[in-house]
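K.L.:
This is the structure I have questions about; it appears just below.
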Amino acid sequence: MSQRPTTRQELYERIRASSKDEVILEEMIRLGFWPAQGEMPTDPAEDIRRRGEIERQLEELRRKASRLYNEKSLIQDARKRRMAESKRKKEETRLRREQARRERAAAWRERKQNELVYLGEGVSGGLGQHEGHPERLAAAGLPAIADARELARLMGVSVGDLRFLAFHRAVATITHYRRFQIPKKSGGTRLISAPMPRLKAAQGWVLRSILDRVDLHAAAHGFRPGRSIVSNAQPHVGAAVVVNLDLQGFFPTITLPRVKGVFAALGYSESVATILALLCTEPETFEVELDGRTYHVGLGPRVLPQGSPASPAITNVLCRRLDRRLQGLADQLGFTYTRYADDLTFSRKKGASSAEVGEMIRKAVDIVGHEGFTVHPDKTRVMRRGNHQEVTGVVVNDKASVDRRTLRRFRATLFQVEKDGLAGKRWGAGGDLLASMHGYASFVAMVDRERGAPLLARVKRLMALHGRGPSGGGGGGGSAGPRPAATTPEPAQAPAPAPEKKKRWKLW
């Protein structure tokens, strides 16, 4: 039973929803003036209800009929349906795309944790190529590295750390190197780029785990265990003629593509070779101050830095074909050939005419140029038997020895220091007198133990007397001393009688 209407508006709504007679009938039943439905056998109220129901159906049919013949209304309804469907589909598409975006972002984060897919503009092209030559690596005893994740694991760093160390930036606010200048004996200065500890550790791993395991040519003597400037000079002792060639701008000519080629030739995939090459190279940079911040701006391609522990070994691996070709030339013309870093030395026991020496030099220069290097035009020396013959700072006329005049001056300086003390004394270009003297004495002991051992003992007594321990390199005996990290083997300047001579004892 319907409730009593509380307002006139509710009454009107009831009448419109059914009919006036039905409303009156319902009110009469509610008020008790008419029996409820089903209590009267032949209830005339049924006709009223039936008529009201028919009226409602007719009204609905009239409404539908009016809409069917109302084109504008039909179009509006169709548009509303299409708009609702379009909104529904758009929302579904938005949700689907959002889900796909989240999945791609998660996949990218996962990939970044395990792969290096971008390491800077112009150097990332080969990071997607993972096909290497594992059989070549196995034959050479080199570690098989499938991808960046494996490389990072072997180095003991995360993939993120590896990305940070290898990333190439044309302009950066940080630098992985500490740069400083050291004097060159020939004049000017040499830029040294000493890597920061994290990068140095990574480069040290490359050196120990890969480069030191590569078989080098027998003619290479620089930066190799058991080899030294003495072993480089020994084959030329007693030669009738000694020819020395010097490679110009040795490290700066070895660019990123060449270093990458070194690792690829060993058998590593282009992806791994790219990462290793980026770890071992850097561009020349200059500092710019802007708005209180320091920016390091690259000046050209990435090259081998002088100061990296891996740079000298990379040059030895890279020069294997150069050594083979120059060895072949030397064998063809009856010469002996050795190489110490950027110093190329040829000698012949029997006499050689100027024409034969000139032919050898011309062919050597052609081979060097074909291999991507340049012979320094001002540092080619031809030393005949009757003159002073020197190879990487070691005199080779009759036996491997040191320059006698320099040795006499050193003995005089050592005697004066023992007699009068350190004040007013000087040896070499360094500011530390005792360290320089210890280095030269170690050099003499390495070349000629009989002469050098007593001198080294006297220097050590002086250092102990002045509260100093041995510094700067060099042990006694035949040891080559600590190997320089990445500089070409050029010693500091000592008071030598002839400026054109190359004194190398400073390194030891």
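Scheme for the structure tokens: letters A, B, ... for chains in order shown; per-chain residue numbers from 1; ligand numbers from 1 in order shown.
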Near Ile192 (chain A), within 12 Å and counting only C-alpha atoms, which residues show up once chain neighbours fewer than 2 positions away are dropped, as a short mmCIF file (atom, residue, chain, number, x, y, z; two decimals) with N, CA and C atoms, in the first residue's frame?
P.N.:
```cif
data_model
loop_
_atom_site.label_atom_id
_atom_site.label_comp_id
_atom_site.auth_asym_id
_atom_site.auth_seq_id
_atom_site.Cartn_x
_atom_site.Cartn_y
_atom_site.Cartn_z
N TYR A 177 90.35 11.68 -13.86
CA TYR A 177 91.80 11.78 -13.92
C TYR A 177 92.28 13.02 -13.17
N ARG A 178 93.47 12.89 -12.63
CA ARG A 178 94.19 14.04 -12.07
C ARG A 178 95.33 14.35 -13.03
N ARG A 179 95.32 15.55 -13.59
CA ARG A 179 96.26 15.90 -14.66
C ARG A 179 97.33 16.86 -14.13
N PHE A 180 98.57 16.62 -14.57
CA PHE A 180 99.67 17.51 -14.21
C PHE A 180 100.74 17.39 -15.28
N GLN A 181 101.66 18.34 -15.27
CA GLN A 181 102.72 18.40 -16.27
C GLN A 181 104.06 18.00 -15.63
N ILE A 182 104.87 17.29 -16.41
CA ILE A 182 106.24 17.00 -15.99
C ILE A 182 107.17 17.45 -17.11
N PRO A 183 108.40 17.87 -16.77
CA PRO A 183 109.31 18.36 -17.82
C PRO A 183 109.82 17.22 -18.69
N LYS A 184 110.02 17.50 -19.96
CA LYS A 184 110.62 16.57 -20.90
C LYS A 184 112.09 16.94 -21.10
N THR A 189 106.91 20.24 -21.79
CA THR A 189 106.35 19.42 -20.72
C THR A 189 105.52 18.30 -21.31
N ARG A 190 105.31 17.29 -20.49
CA ARG A 190 104.49 16.16 -20.87
C ARG A 190 103.28 16.09 -19.95
N ALA A 194 96.73 10.91 -14.43
CA ALA A 194 96.72 9.83 -13.44
C ALA A 194 95.27 9.50 -13.08
N PRO A 195 94.82 8.27 -13.29
CA PRO A 195 93.42 7.92 -13.01
C PRO A 195 93.12 7.94 -11.52
N PHE A 251 101.48 8.02 -27.63
CA PHE A 251 100.19 7.76 -26.99
C PHE A 251 99.04 8.52 -27.65
N PRO A 252 99.19 9.81 -27.96
CA PRO A 252 98.05 10.53 -28.57
C PRO A 252 97.62 10.01 -29.93
N GLU A 282 90.73 8.35 -22.83
CA GLU A 282 90.10 9.59 -22.39
C GLU A 282 90.47 10.69 -23.36
N GLU A 284 91.52 14.61 -24.44
CA GLU A 284 92.18 15.77 -23.85
C GLU A 284 91.10 16.77 -23.45
N LEU A 304 94.83 7.10 -25.65
CA LEU A 304 95.46 6.48 -24.48
C LEU A 304 96.03 7.56 -23.57
N PRO A 305 95.67 7.56 -22.31
CA PRO A 305 96.25 8.55 -21.39
C PRO A 305 97.62 8.11 -20.90
N GLN A 306 98.54 9.04 -20.78
CA GLN A 306 99.83 8.75 -20.18
C GLN A 306 99.67 8.87 -18.67
N GLY A 307 99.65 7.76 -18.00
CA GLY A 307 99.41 7.71 -16.58
C GLY A 307 98.55 6.51 -16.20
N SER A 308 97.88 5.93 -17.19
CA SER A 308 97.07 4.75 -16.93
C SER A 308 97.95 3.51 -16.84
N PRO A 309 97.68 2.61 -15.90
CA PRO A 309 98.50 1.38 -15.81
C PRO A 309 98.33 0.47 -17.00
N SER A 311 97.89 1.57 -20.28
CA SER A 311 98.30 2.16 -21.55
C SER A 311 99.56 1.52 -22.14
N PRO A 484 107.12 2.35 -14.72
CA PRO A 484 106.29 3.55 -14.80
C PRO A 484 104.92 3.18 -15.32
N ALA A 485 103.90 3.87 -14.79
CA ALA A 485 102.53 3.49 -15.13
C ALA A 485 102.22 3.68 -16.58
N ALA A 486 102.46 4.84 -17.15
CA ALA A 486 102.04 5.03 -18.52
C ALA A 486 102.86 6.02 -19.29
N THR A 487 103.91 6.55 -18.72
CA THR A 487 104.68 7.51 -19.48
C THR A 487 105.64 6.79 -20.40
N THR A 488 105.94 7.40 -21.50
CA THR A 488 106.96 6.84 -22.36
C THR A 488 108.29 6.95 -21.65
#
```
K.L.:
May I have the residues within 10 Å of Glu359 (chain A) as a PDB file with C-alpha atoms, in the first residue's frame, using only C-alpha atoms and disregarding those fewer than 6 positions away in the same chain?
P.N.:
```
ATOM      1  CA  LEU A 333     118.770  -6.387 -44.472  1.00  0.00           C
ATOM      2  CA  SER A 353     127.299   1.779 -45.882  1.00  0.00           C
ATOM      3  CA  VAL A 365     109.635   4.857 -41.917  1.00  0.00           C
TER       4      VAL A 365
END
```
K.L.:
Show me, as an MDAnalysis selection string, the residues that have an atom within 12 Å of Val395 (chain A) when counting only C-alpha atoms, minus same-chain residues fewer than 3 positions from it.
P.N.:
chainID A and resid 229:230 232:239 242 383 385 387:392 398:407 444 447:448 501:504
K.L.:
Might you pull out every residue within 10 Å of Val357 (chain A), with only C-alpha atoms counted and same-chain residues fewer than 2 positions away left off, and present them as a VMD selection string?
P.N.:
chain A and resid 241 to 243 333 335 346 to 348 351 to 355 359 to 362 382
K.L.:
Quick one: write out the picked residues with N, CA and C atoms as a short mmCIF file (atom, residue, chain, number, x, y, z; two decimals), in the first residue's frame?
P.N.:
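To be explicit, this is the file written out as selection28.cif:
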```
data_model
loop_
_atom_site.label_atom_id
_atom_site.label_comp_id
_atom_site.auth_asym_id
_atom_site.auth_seq_id
_atom_site.Cartn_x
_atom_site.Cartn_y
_atom_site.Cartn_z
N VAL A 241 127.16 -0.44 -36.37
CA VAL A 241 126.31 0.73 -36.55
C VAL A 241 125.02 0.51 -35.76
N VAL A 242 124.57 1.54 -35.07
CA VAL A 242 123.32 1.51 -34.31
C VAL A 242 122.44 2.66 -34.80
N VAL A 243 121.21 2.34 -35.14
CA VAL A 243 120.27 3.34 -35.65
C VAL A 243 119.08 3.40 -34.70
N LEU A 333 117.61 -7.24 -44.22
CA LEU A 333 118.77 -6.39 -44.47
C LEU A 333 119.94 -6.69 -43.55
N PHE A 335 120.00 -6.70 -40.11
CA PHE A 335 120.04 -5.89 -38.90
C PHE A 335 119.40 -6.64 -37.73
N PHE A 346 117.82 -0.33 -34.40
CA PHE A 346 118.35 -1.30 -35.36
C PHE A 346 119.88 -1.26 -35.25
N SER A 347 120.51 -2.41 -35.38
CA SER A 347 121.97 -2.44 -35.36
C SER A 347 122.45 -3.56 -36.26
N ARG A 348 123.70 -3.45 -36.67
CA ARG A 348 124.30 -4.50 -37.49
C ARG A 348 125.74 -4.69 -37.05
N GLY A 351 129.88 -3.92 -40.91
CA GLY A 351 129.70 -2.55 -41.36
C GLY A 351 128.55 -2.40 -42.34
N ALA A 352 127.97 -1.23 -42.34
CA ALA A 352 126.88 -0.91 -43.26
C ALA A 352 127.17 0.45 -43.87
N SER A 353 127.06 0.51 -45.19
CA SER A 353 127.30 1.78 -45.88
C SER A 353 126.16 2.74 -45.61
N SER A 354 126.39 4.01 -45.93
CA SER A 354 125.35 5.02 -45.75
C SER A 354 124.13 4.69 -46.59
N ALA A 355 124.35 4.12 -47.77
CA ALA A 355 123.22 3.74 -48.63
C ALA A 355 122.39 2.64 -47.99
N GLU A 359 118.58 3.04 -46.81
CA GLU A 359 117.52 2.15 -47.30
C GLU A 359 116.72 1.58 -46.14
N MET A 360 117.44 1.13 -45.10
CA MET A 360 116.75 0.57 -43.94
C MET A 360 115.86 1.61 -43.28
N ILE A 361 116.35 2.84 -43.13
CA ILE A 361 115.57 3.89 -42.48
C ILE A 361 114.33 4.22 -43.31
N ARG A 362 114.50 4.35 -44.64
CA ARG A 362 113.34 4.67 -45.49
C ARG A 362 112.27 3.60 -45.41
N VAL A 382 122.09 7.95 -36.11
CA VAL A 382 122.94 6.88 -36.65
C VAL A 382 124.27 6.95 -35.92
#
```
K.L.:
What does the structure give for the distance between CA of Leu207 (chain A) and CA of Ser269 (chain A), in Å to one decimal?
P.N.:
18.2 Å
